[in-house]
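Each remark here refers to the structure printed beneath this line.
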Amino acid sequence: MIPAKFEYHRPTSVQDAVALLAQLGEEAHPLAGGHSLIPVMKTRLAAPEHLVDLAGISSLKGIRREQDHIAIGAMATQSEMIASPLLAEILPIIRETSLLIGDPQIRYVGTIGGNVANGDPGNDMPALMMCLDAEYQLAGRNGERRVRARAFYFGAYDTARQNDEILTEVRIPIPAKGHGYAYEKLKRKVGDYAVAAAAVMLTITNGTCRAASIGLTNVADTPLWAEAAAQALVGTRIDRTAIANAANAAEAITNPASDGHGPAEYRRKMTGVTVRRAIERAKLRAEV
Amino acid sequence: MNDIAPTQAERAEKLQGLGCKRKRVEDIRFTQGRGNYVDDVKLPGMLFGDFARSSHAHARIKSIDTSKALALPGVKAVLTAADLKPLKLHYMPTLAGDVAAVLADEKVLFQNQEIAFVVAEDRYIAADAIELVEVEYEALPVVVDPFQAMAPDAPILRDDIKDKMNGAHGPRKHYNHIFNWQVGDKQATDEVFKTAEVTTKDLFVYQRTHPAPLETCQCVASMDKVKGELTVWGTFQAPHVVRTVVSILSGIAEHKVHVIAPDIGGGFGNKVGVYPGYVCAIVASIVLGVPVKWVEDRMENLSTTSFARDYHMATELAATKEGKILAMRVHMLADHGAFDACANPSKLPAGFVNICTGSYDIPVAHLEVDGVYTNKATGGVAYRCSLRVTEGIYAIERAIEVLAKKLGMDSVDLRMKNLIKAEQFPYRSALGWEYDSGNYHVALQKALDAVGYPALRAEQKARREAFRRGETRELMGIGVCFFTEIVGAGPSRHCDILGVGMFDSAEIRVHPTGSIVARMGTKSQGQAHETTYAQIIATELGIPADDITIEEGDTDTAPYGLGTYGSRSTPVAGAATAMAARKIRAKAQMIAAHLLEVSEYDLEWDVDRFTVKGLPEKFKTMKEIAWAAHNNLPPGLEPGLEAVNYYDPPNMTYPFGAYFCVMDIDIDTGVAKTRRFYALDDCGTRINPMIIEGQVHGGLTEAFAIAMGQEISYDAQGNVMGASFMDFFLPTAVETPKWETDFTVTPSPHHPIGAKGVGESPNVGGVPCFSNAVNDAFAFLDAGHIQMPHDGWRLWTVAERLGLHA
């Protein structure tokens, strides 16, 4: 439980951080809250020779409204997101999800940037960001670019981020007023990764679902955007049949691993259960 | 006398003696980060040790190359079995009469087994160096399933003893067999089963789990080559026995070995044994002449030092149609892993598991236990239970439920019908124990009234009907458990550790000003001995508990004792404390008589003083007597006021209790939610009700963890699964149910203050209560016995099997 030797760097600007990553090459890794990275370093499953800590970069902080988007700095902590009145008003699902991550101590340190950038399929934010159609702002040697969350994840710990890039900001389109939302997470205890979890956003007009989006956590080697499941709701009154269709469609795209928290078949079925329950809860919350 | 003299009650209250909810004095330092644990011991020039461990569960070691590790700057030594062999320390004796490898000799027998011990200047270098130890293996076939261990073609696990067909506990049937242990009347039991009207038979599996104390196992060994003395600080639940073992193994005379157990962060049985880390740190310190520290990490703790349980119990009951139990027959298969390092009294290979007739008057019984070797970590400790009592009680309490269902009876009625009656105590059980005292029917009735049992059953009936109508997806389960614990090991005629009888001790010194230091042979790991022993002395001697310091754990100052496990501290050392205090009081009486110029027989004890009978204004307080003991004694009486007592208990003590659990299971997720848990404990005389309540809360939380999720499992290759808190279930306050506690008081007739011990009762009773609740929830669907642990996916699997998801 003792990591291999590494050098620690603490730049104070994005520019310096990017330059450091470029200069140090393959063996350097950015460090945000560290909750995914440090445990794998302690068991020596990862042994980066350089850690570039982003904690000293003040421009990576903050949660702002920018026209039709909410922009969340990569180093905003889960606890800051929970406390944000702006998010509570416009994107309450972020607060609901953040409260299900780890425990209070973890949430004081864990950041949205680290949570989405590391590519850990157990993390909760990536599926939520897919559900919300967020974009990630990346800064690298050759300037800045944006990648949609839905196009960011390739495999476990394998993402669109280049080694010398830093994820600086998460940009989320402001959802329709009166939308219904829910993040339903099945876990054994506080601090556990999800057995299965589902993020659901719904817009309902005159009793009919006009728009829906569903993201799934920890039931494949990447987070999943369950497009067909969401489509199964659109145009329906979200009755039992529609919900069952959505749950079945969500189960169909999962490819979970078996582990101590349950065999693959259980996690597949729990995907359906969490999707069903999230839809039911989101429907209750939506202004119809 | 003056007008404002305190009343007798006020004087008694000031003592904070027996029955007082005195706050835990040790918590002042524990809650402020001011405890002194082994890892706080930092000595000049201290080195750090770490283990290179086996990646295989069973393999021949073809070669070990330590040259690269030795070449790393800062590495001082690398020990392997080849280095220990000339010292005859590559194996060490176990408590169970077997030997265990200190460092793997020619073969590894479980994953993460210790192969080489690297000693370096700091922890980081040591951690780097173990990666540089190169081991070449030849993989061998693995035995994971204990039921396959004695197959005719099973791989030979223990080459070192393969031809030794007589083990520590008699003949061995197979090279992977450890012992066969039988108790009871086989013939009479078999006869009853042949003709009984109703019989049941089930295999109850009590899965492998781990005590998982927050502080892992660790030690600092420091050899002073000039004085020829060895000091060892360590996480030792039994420091005096450790000193004896260290002396025997090292050849250093026992008076030159100083073993110190400082503050301990939880033990639960994990810290009873002697581990390779201790031996290697000691050897390294002797060789290098400097202090060496070894600290286990969490994965090492969960995967190598002392698992618990792993009992597979084929349990049968025979009864009449009316529900009178006639006989019990049990065969248990015990998976001990690679070495038999069970923490039991040396003569009892399965501990006290023959308490398995439980709280019931069962006329005849027969129990047979077979222990086998497998390619798993070694241990078999009592995880917050008195030496395999949890296994035995789990078997009977599940079997009672199965029998009740077969008879069509309510299981509470079946229990009421078969509980040992108050007038039968002292009660001799069919498997050889003499239960000291009990009032079982009263306790069960009190519990039934408290939980409103008939209303619960009515609610369950209504909910089951609603479930059948499709109105709910939840199943309600009611768990019942009536258990009898057996603690206070123990009478040395039955119980010894490597030949040392399991007595315990207390030494009390009264200072001239009337304050006290007292030392015991036990060792608190969080049980609050510093608080409760002082309360016993306070009541016995009339000195306020706040004026009494309790010390344990330093073998140079404390009297010899066998340590703290199996809820033995109060029954044994607590008794020694009371007896030593009574010796002091007897001498104090002689001094008081001298001071008051009356006969001893004219004095009576009054809370904190001796009073002349009939003349309450004529008295001497214990404080005054303490002063006089150092300057004004009756002729011929030696000065001073101190005493020591070594207490060899005449019998074990038998705490008992009645537990109820109400649970709702979501069949779509398999998640069980405990709605209510009620625990009535009878631990005899109650020393500190607040600490008892705390002990019950802690024990129930561990019981909840075991029943509902804890497991150390292995895959088919013998890879240990889930040896971290990511997977091993350690519930937080959020998941833990709310506990309701209650009590009755049935003092032990043979204990000086009637106390029985309580720390482990809630684990013994809690696990079957939770499991019974789960099984009860599914019982109306004829699910059959559902094995633990009852976590979400397993209960979902039960519901799936029963077609509840269709």
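Every chain in the structure tokens takes a letter, A first, then B, and so on in the order presented; its residues are numbered from 1, and the ligands are numbered from 1 following the presented order.
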
Problem set entry | Check: which chain B residues lie within 7 Å of chain A using only C-alpha atoms, as a list in words |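 Taking only C-alpha atoms into account, Tyr124, Ala127, Asp128, Asp297, Thr669, Gly722, Met726, Asp727, Pro731, Thr732, Glu735 and Trp793 of chain B sit within 7 Å of chain A.
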
Preceding selection exported with N, CA, C and O atoms as a PDB file, in the first residue's frame:
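Saved the output as again.pdb:
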```
ATOM      1  N   TYR B 124       9.397   2.958   2.502  1.00  0.00           N
ATOM      2  CA  TYR B 124       9.308   3.130   1.050  1.00  0.00           C
ATOM      3  C   TYR B 124      10.356   2.259   0.367  1.00  0.00           C
ATOM      4  O   TYR B 124      10.074   1.615  -0.641  1.00  0.00           O
ATOM      5  N   ALA B 127       9.241  -1.306   0.556  1.00  0.00           N
ATOM      6  CA  ALA B 127       8.175  -1.603  -0.412  1.00  0.00           C
ATOM      7  C   ALA B 127       8.734  -1.734  -1.824  1.00  0.00           C
ATOM      8  O   ALA B 127       8.259  -2.547  -2.616  1.00  0.00           O
ATOM      9  N   ASP B 128       9.747  -0.922  -2.149  1.00  0.00           N
ATOM     10  CA  ASP B 128      10.394  -1.055  -3.466  1.00  0.00           C
ATOM     11  C   ASP B 128      11.159  -2.376  -3.548  1.00  0.00           C
ATOM     12  O   ASP B 128      11.158  -3.039  -4.589  1.00  0.00           O
ATOM     13  N   ASP B 297      -0.246  -4.160   6.087  1.00  0.00           N
ATOM     14  CA  ASP B 297      -1.241  -3.287   5.461  1.00  0.00           C
ATOM     15  C   ASP B 297      -2.591  -4.011   5.413  1.00  0.00           C
ATOM     16  O   ASP B 297      -2.716  -5.171   5.821  1.00  0.00           O
ATOM     17  N   THR B 669     -34.218  -6.210  -6.040  1.00  0.00           N
ATOM     18  CA  THR B 669     -32.783  -5.926  -5.910  1.00  0.00           C
ATOM     19  C   THR B 669     -32.091  -6.909  -4.969  1.00  0.00           C
ATOM     20  O   THR B 669     -30.866  -6.995  -4.958  1.00  0.00           O
ATOM     21  N   GLY B 722     -11.371 -10.186  -2.884  1.00  0.00           N
ATOM     22  CA  GLY B 722     -11.958  -9.172  -2.001  1.00  0.00           C
ATOM     23  C   GLY B 722     -11.200  -8.912  -0.729  1.00  0.00           C
ATOM     24  O   GLY B 722     -11.798  -8.711   0.314  1.00  0.00           O
ATOM     25  N   MET B 726     -12.799  -2.316  -0.396  1.00  0.00           N
ATOM     26  CA  MET B 726     -13.658  -2.107  -1.565  1.00  0.00           C
ATOM     27  C   MET B 726     -14.662  -3.254  -1.660  1.00  0.00           C
ATOM     28  O   MET B 726     -15.785  -3.076  -2.127  1.00  0.00           O
ATOM     29  N   ASP B 727     -14.212  -4.448  -1.257  1.00  0.00           N
ATOM     30  CA  ASP B 727     -15.057  -5.631  -1.419  1.00  0.00           C
ATOM     31  C   ASP B 727     -15.508  -6.221  -0.084  1.00  0.00           C
ATOM     32  O   ASP B 727     -16.644  -6.650   0.042  1.00  0.00           O
ATOM     33  N   PRO B 731     -19.673  -2.370   7.316  1.00  0.00           N
ATOM     34  CA  PRO B 731     -20.757  -1.395   7.225  1.00  0.00           C
ATOM     35  C   PRO B 731     -20.399  -0.083   7.916  1.00  0.00           C
ATOM     36  O   PRO B 731     -19.630  -0.065   8.882  1.00  0.00           O
ATOM     37  N   THR B 732     -20.952   0.996   7.398  1.00  0.00           N
ATOM     38  CA  THR B 732     -20.792   2.286   8.070  1.00  0.00           C
ATOM     39  C   THR B 732     -22.033   2.541   8.915  1.00  0.00           C
ATOM     40  O   THR B 732     -22.985   1.753   8.900  1.00  0.00           O
ATOM     41  N   GLU B 735     -25.454   2.222   7.002  1.00  0.00           N
ATOM     42  CA  GLU B 735     -26.090   0.929   6.736  1.00  0.00           C
ATOM     43  C   GLU B 735     -26.516   0.218   8.019  1.00  0.00           C
ATOM     44  O   GLU B 735     -27.373  -0.670   7.992  1.00  0.00           O
ATOM     45  N   TRP B 793     -26.992  -9.496  -4.125  1.00  0.00           N
ATOM     46  CA  TRP B 793     -27.071 -10.371  -5.299  1.00  0.00           C
ATOM     47  C   TRP B 793     -27.446 -11.795  -4.934  1.00  0.00           C
ATOM     48  O   TRP B 793     -28.151 -12.473  -5.684  1.00  0.00           O
TER      49      TRP B 793
END
```

Exercise. Among region 20-158 of chain A, which ones does DSSP place in helix (DSSP H, G or I), written as JSON, numbers by chain?
Worked result: {"A": [20, 21, 22, 23, 24, 25, 26, 27, 37, 38, 39, 40, 41, 42, 58, 59, 60, 78, 79, 80, 81, 82, 83, 85, 86, 87, 88, 89, 90, 92, 93, 94, 95, 96, 97, 98, 104, 105, 106, 107, 108, 109, 112, 113, 114, 115, 116, 117, 125, 126, 127, 128, 129, 130, 131, 149, 150, 151]}

Exercise. Which one is closest to Ile112 (chain A): A:Pro175, A:Gly73, A:Gly62, A:Pro48? Count only C-alpha atoms.
Worked result: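 Of A:Pro175, A:Gly73, A:Gly62, A:Pro48, the one nearest Ile112 (chain A), counting only C-alpha atoms, is A:Gly73.
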
Exercise. Neighbours of region 223-230 of chain A within 7 Å (only C-alpha atoms; same-chain residues fewer than 2 positions away dropped), as a ChimeraX atom specification?
Worked result: /A:121,126-127,130-131,150,212-218,220-221,232-234,246-247,249-250

Those same residues, written as a short mmCIF file (atom, residue, chain, number, x, y, z; two decimals), in the first residue's frame with all heavy atoms?
```
data_model
loop_
_atom_site.label_atom_id
_atom_site.label_comp_id
_atom_site.auth_asym_id
_atom_site.auth_seq_id
_atom_site.Cartn_x
_atom_site.Cartn_y
_atom_site.Cartn_z
N PRO A 121 -14.82 3.33 -15.00
CA PRO A 121 -16.23 3.03 -15.26
C PRO A 121 -17.08 3.06 -14.00
O PRO A 121 -18.31 3.14 -14.07
CB PRO A 121 -16.20 1.63 -15.88
CG PRO A 121 -14.87 1.05 -15.51
CD PRO A 121 -13.93 2.20 -15.32
N PRO A 126 -19.49 10.46 -15.19
CA PRO A 126 -19.45 10.29 -16.64
C PRO A 126 -20.80 9.93 -17.25
O PRO A 126 -21.20 10.54 -18.25
CB PRO A 126 -18.42 9.16 -16.82
CG PRO A 126 -17.49 9.32 -15.66
CD PRO A 126 -18.39 9.71 -14.53
N ALA A 127 -21.51 8.97 -16.67
CA ALA A 127 -22.80 8.60 -17.25
C ALA A 127 -23.78 9.76 -17.16
O ALA A 127 -24.59 10.00 -18.07
CB ALA A 127 -23.37 7.37 -16.54
N MET A 130 -22.98 12.13 -19.91
CA MET A 130 -23.51 11.62 -21.18
C MET A 130 -25.01 11.89 -21.27
O MET A 130 -25.52 12.31 -22.30
CB MET A 130 -23.24 10.12 -21.29
CG MET A 130 -21.77 9.80 -21.52
SD MET A 130 -21.54 8.02 -21.49
CE MET A 130 -20.88 7.77 -23.12
N CYS A 131 -25.68 11.64 -20.16
CA CYS A 131 -27.12 11.87 -20.10
C CYS A 131 -27.43 13.33 -20.40
O CYS A 131 -28.37 13.64 -21.12
CB CYS A 131 -27.63 11.44 -18.72
SG CYS A 131 -29.33 11.86 -18.40
N ARG A 150 -20.37 12.12 -24.74
CA ARG A 150 -20.85 10.91 -25.42
C ARG A 150 -19.82 10.35 -26.39
O ARG A 150 -19.98 9.22 -26.88
CB ARG A 150 -22.17 11.22 -26.15
CG ARG A 150 -23.32 11.48 -25.16
CD ARG A 150 -24.60 11.93 -25.86
NE ARG A 150 -25.59 12.32 -24.86
CZ ARG A 150 -26.75 12.90 -25.15
NH1 ARG A 150 -27.06 13.17 -26.43
NH2 ARG A 150 -27.59 13.24 -24.20
N ALA A 212 -36.13 12.67 -23.68
CA ALA A 212 -35.62 11.83 -22.59
C ALA A 212 -34.16 11.52 -22.87
O ALA A 212 -33.74 11.47 -24.04
CB ALA A 212 -36.42 10.53 -22.50
N SER A 213 -33.42 11.35 -21.80
CA SER A 213 -32.02 10.95 -21.94
C SER A 213 -31.66 10.07 -20.75
O SER A 213 -32.09 10.33 -19.62
CB SER A 213 -31.12 12.19 -22.01
OG SER A 213 -29.78 11.77 -22.23
N ILE A 214 -30.90 9.03 -21.01
CA ILE A 214 -30.57 8.07 -19.94
C ILE A 214 -29.08 7.72 -20.03
O ILE A 214 -28.58 7.41 -21.11
CB ILE A 214 -31.43 6.79 -20.07
CG1 ILE A 214 -32.91 7.12 -19.91
CG2 ILE A 214 -30.99 5.74 -19.03
CD1 ILE A 214 -33.85 5.94 -20.11
N GLY A 215 -28.40 7.78 -18.90
CA GLY A 215 -27.00 7.35 -18.82
C GLY A 215 -26.88 6.23 -17.81
O GLY A 215 -27.63 6.18 -16.83
N LEU A 216 -25.93 5.32 -18.04
CA LEU A 216 -25.77 4.14 -17.17
C LEU A 216 -24.34 4.08 -16.63
O LEU A 216 -23.36 4.23 -17.37
CB LEU A 216 -26.06 2.86 -17.94
CG LEU A 216 -27.39 2.79 -18.70
CD1 LEU A 216 -27.47 1.50 -19.51
CD2 LEU A 216 -28.56 2.89 -17.72
N THR A 217 -24.23 3.80 -15.32
CA THR A 217 -22.93 3.75 -14.64
C THR A 217 -22.53 2.33 -14.29
O THR A 217 -23.35 1.56 -13.75
CB THR A 217 -22.99 4.59 -13.34
OG1 THR A 217 -23.20 5.96 -13.68
CG2 THR A 217 -21.69 4.48 -12.55
N ASN A 218 -21.28 1.99 -14.58
CA ASN A 218 -20.62 0.78 -14.06
C ASN A 218 -21.23 -0.53 -14.53
O ASN A 218 -21.15 -1.53 -13.82
CB ASN A 218 -20.57 0.81 -12.52
CG ASN A 218 -19.32 0.14 -11.99
OD1 ASN A 218 -18.33 -0.03 -12.73
ND2 ASN A 218 -19.32 -0.25 -10.74
N ALA A 220 -20.56 -1.57 -17.84
CA ALA A 220 -19.74 -1.91 -19.01
C ALA A 220 -18.36 -1.33 -18.71
O ALA A 220 -18.16 -0.73 -17.65
CB ALA A 220 -20.33 -1.30 -20.27
N ASP A 221 -17.42 -1.49 -19.62
CA ASP A 221 -16.10 -0.92 -19.31
C ASP A 221 -16.03 0.59 -19.61
O ASP A 221 -15.02 1.22 -19.39
CB ASP A 221 -14.97 -1.70 -20.00
CG ASP A 221 -15.04 -1.61 -21.51
OD1 ASP A 221 -16.02 -1.05 -22.02
OD2 ASP A 221 -14.10 -2.09 -22.16
N ALA A 232 -37.44 4.89 -26.18
CA ALA A 232 -38.61 4.07 -25.84
C ALA A 232 -39.62 4.87 -25.02
O ALA A 232 -40.77 4.48 -24.89
CB ALA A 232 -38.18 2.83 -25.07
N LEU A 233 -39.18 5.99 -24.46
CA LEU A 233 -40.09 6.82 -23.65
C LEU A 233 -40.70 7.96 -24.46
O LEU A 233 -41.84 8.38 -24.18
CB LEU A 233 -39.33 7.42 -22.46
CG LEU A 233 -38.71 6.43 -21.48
CD1 LEU A 233 -37.93 7.18 -20.41
CD2 LEU A 233 -39.77 5.55 -20.83
N VAL A 234 -39.95 8.45 -25.42
CA VAL A 234 -40.39 9.65 -26.12
C VAL A 234 -41.67 9.34 -26.91
O VAL A 234 -41.77 8.33 -27.60
CB VAL A 234 -39.28 10.16 -27.07
CG1 VAL A 234 -39.78 11.36 -27.89
CG2 VAL A 234 -38.06 10.55 -26.26
N ALA A 246 -38.09 0.65 -21.89
CA ALA A 246 -36.86 1.42 -21.65
C ALA A 246 -35.88 0.59 -20.82
O ALA A 246 -34.68 0.53 -21.12
CB ALA A 246 -37.19 2.72 -20.95
N ALA A 247 -36.40 -0.05 -19.77
CA ALA A 247 -35.53 -0.86 -18.91
C ALA A 247 -34.91 -2.01 -19.71
O ALA A 247 -33.70 -2.29 -19.58
CB ALA A 247 -36.33 -1.40 -17.72
N ALA A 249 -34.39 -2.10 -22.95
CA ALA A 249 -33.42 -1.55 -23.90
C ALA A 249 -32.13 -1.19 -23.18
O ALA A 249 -31.03 -1.37 -23.73
CB ALA A 249 -34.02 -0.32 -24.58
N ALA A 250 -32.23 -0.70 -21.96
CA ALA A 250 -31.02 -0.36 -21.20
C ALA A 250 -30.24 -1.63 -20.87
O ALA A 250 -29.01 -1.69 -21.04
CB ALA A 250 -31.40 0.39 -19.93
#
```

For this session: Fewer than 2 positions away in the same chain doesn't count, so skip those; otherwise give me all residues within 9 Å of Ala149 (chain A), counting only C-alpha atoms, as a list in words.
Result: Val116, Pro126, Ala127, Met129, Met130, Cys131, Leu132, Asp133, Ala134, Glu135, Tyr136, Val147, Ala151, Phe152 and Tyr153 of chain A

For this session: Tell me which protein, DNA and RNA residues are within 9 Å of Gln15 (chain A), counting only C-alpha atoms, leaving out same-chain ones fewer than 6 positions away, and put them as a ChimeraX atom specification.
Result: /A:139-141

Write to file, as a PDB file, in the first residue's frame, the residues of the selection just made, with N, CA and C atoms.
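Contents of again.pdb, as written:
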```pdb
ATOM      1  N   ALA A 139      -7.405  21.330 -22.702  1.00  0.00           N
ATOM      2  CA  ALA A 139      -6.318  22.241 -23.074  1.00  0.00           C
ATOM      3  C   ALA A 139      -5.059  21.421 -23.271  1.00  0.00           C
ATOM      4  N   GLY A 140      -4.408  21.667 -24.419  1.00  0.00           N
ATOM      5  CA  GLY A 140      -3.171  20.920 -24.702  1.00  0.00           C
ATOM      6  C   GLY A 140      -2.156  21.814 -25.354  1.00  0.00           C
ATOM      7  N   ARG A 141      -1.074  21.218 -25.775  1.00  0.00           N
ATOM      8  CA  ARG A 141       0.006  21.951 -26.422  1.00  0.00           C
ATOM      9  C   ARG A 141      -0.490  22.737 -27.631  1.00  0.00           C
TER      10      ARG A 141
END
```

Problem set entry | Contact residues around region 706-713 of chain B with only C-alpha atoms at 10 Å, ignoring same-chain residues under 4 positions, as a ChimeraX atom specification | /A:188,260-261 /B:144,206-211,302-303,307-308,310,376-377,671-672,700-702,718-724,727-731,763,766-772,774,787-792,794-795

Exercise. Got a sec to tell me which of region 301-522 of chain B DSSP assigns to strand (DSSP E), as a PyMOL selection string?
Worked result: chain B and resi 307-319+325-335+364-372+379-381+427-428+434-435+474-484+496-497+500-501+504-510+516-520

For this session: Find the residues around Asn163 (chain A) up to 10 Å (only C-alpha atoms counted), leave out those fewer than 6 positions away in its own chain, and share them as a PyMOL selection string.
Result: chain A and resi 18+21-22+25-30+140

Can I get the selection written as a PDB file, in the first residue's frame, with N, CA, C and O atoms?
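Final output, saved to selection.pdb:
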```
ATOM      1  N   VAL A  18       0.159  22.276 -18.781  1.00  0.00           N
ATOM      2  CA  VAL A  18       0.217  21.644 -20.095  1.00  0.00           C
ATOM      3  C   VAL A  18       1.674  21.513 -20.546  1.00  0.00           C
ATOM      4  O   VAL A  18       2.100  20.465 -21.060  1.00  0.00           O
ATOM      5  N   LEU A  21       3.277  18.646 -18.688  1.00  0.00           N
ATOM      6  CA  LEU A  21       2.855  17.337 -19.196  1.00  0.00           C
ATOM      7  C   LEU A  21       3.552  17.026 -20.521  1.00  0.00           C
ATOM      8  O   LEU A  21       3.968  15.896 -20.768  1.00  0.00           O
ATOM      9  N   ALA A  22       3.671  18.070 -21.368  1.00  0.00           N
ATOM     10  CA  ALA A  22       4.315  17.861 -22.655  1.00  0.00           C
ATOM     11  C   ALA A  22       5.789  17.516 -22.458  1.00  0.00           C
ATOM     12  O   ALA A  22       6.330  16.594 -23.102  1.00  0.00           O
ATOM     13  N   GLY A  25       6.200  13.960 -20.632  1.00  0.00           N
ATOM     14  CA  GLY A  25       5.857  12.835 -21.506  1.00  0.00           C
ATOM     15  C   GLY A  25       4.983  11.786 -20.853  1.00  0.00           C
ATOM     16  O   GLY A  25       4.237  12.053 -19.908  1.00  0.00           O
ATOM     17  N   GLU A  26       5.086  10.576 -21.362  1.00  0.00           N
ATOM     18  CA  GLU A  26       4.216   9.446 -21.025  1.00  0.00           C
ATOM     19  C   GLU A  26       4.105   9.166 -19.525  1.00  0.00           C
ATOM     20  O   GLU A  26       3.073   8.714 -19.054  1.00  0.00           O
ATOM     21  N   GLU A  27       5.206   9.409 -18.802  1.00  0.00           N
ATOM     22  CA  GLU A  27       5.230   8.993 -17.397  1.00  0.00           C
ATOM     23  C   GLU A  27       4.657  10.036 -16.453  1.00  0.00           C
ATOM     24  O   GLU A  27       4.784   9.908 -15.241  1.00  0.00           O
ATOM     25  N   ALA A  28       4.063  11.075 -17.005  1.00  0.00           N
ATOM     26  CA  ALA A  28       3.440  12.094 -16.157  1.00  0.00           C
ATOM     27  C   ALA A  28       1.925  11.917 -16.166  1.00  0.00           C
ATOM     28  O   ALA A  28       1.356  11.463 -17.158  1.00  0.00           O
ATOM     29  N   HIS A  29       1.312  12.247 -15.065  1.00  0.00           N
ATOM     30  CA  HIS A  29      -0.142  12.111 -14.963  1.00  0.00           C
ATOM     31  C   HIS A  29      -0.695  13.299 -14.188  1.00  0.00           C
ATOM     32  O   HIS A  29      -0.165  13.638 -13.143  1.00  0.00           O
ATOM     33  N   PRO A  30      -1.758  13.928 -14.720  1.00  0.00           N
ATOM     34  CA  PRO A  30      -2.355  14.997 -13.921  1.00  0.00           C
ATOM     35  C   PRO A  30      -3.047  14.434 -12.687  1.00  0.00           C
ATOM     36  O   PRO A  30      -3.586  13.321 -12.726  1.00  0.00           O
ATOM     37  N   GLY A 140      -4.408  21.667 -24.419  1.00  0.00           N
ATOM     38  CA  GLY A 140      -3.171  20.920 -24.702  1.00  0.00           C
ATOM     39  C   GLY A 140      -2.156  21.814 -25.354  1.00  0.00           C
ATOM     40  O   GLY A 140      -2.355  23.029 -25.472  1.00  0.00           O
TER      41      GLY A 140
END
```

Problem set entry | Best match for closeness to Asn118 (chain A) among A:Ala197, A:Leu31, A:Ile243, A:Ala176, counting only C-alpha atoms |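 The shortest atom-to-atom distance to Asn118 (chain A) comes from A:Leu31.
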
Exercise. For Asp666 (chain B), which residue out of B:Asp65, B:Glu474, B:Asp98, B:Asp682 is the nearest one, using only C-alpha atoms?
Worked result: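 The answer is B:Glu474, which sits nearest to Asp666 (chain B).
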
Problem set entry | Counting only C-alpha atoms, the option among B:Arg22, B:Lys164, B:His240, B:Lys107 closest to Ile61 (chain B) | B:Lys107

For this session: Just give me the gap between CA of Phe425 (chain B) and CA of Cys481 (chain B) in Å, one decimal is fine.
Result: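 Interatomic distance, CA of Phe425 (chain B) to CA of Cys481 (chain B): 20.6 Å.
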
Problem set entry | Separation of CA of Leu541 (chain B) from CA of Arg585 (chain B) in Å | 6.3 Å
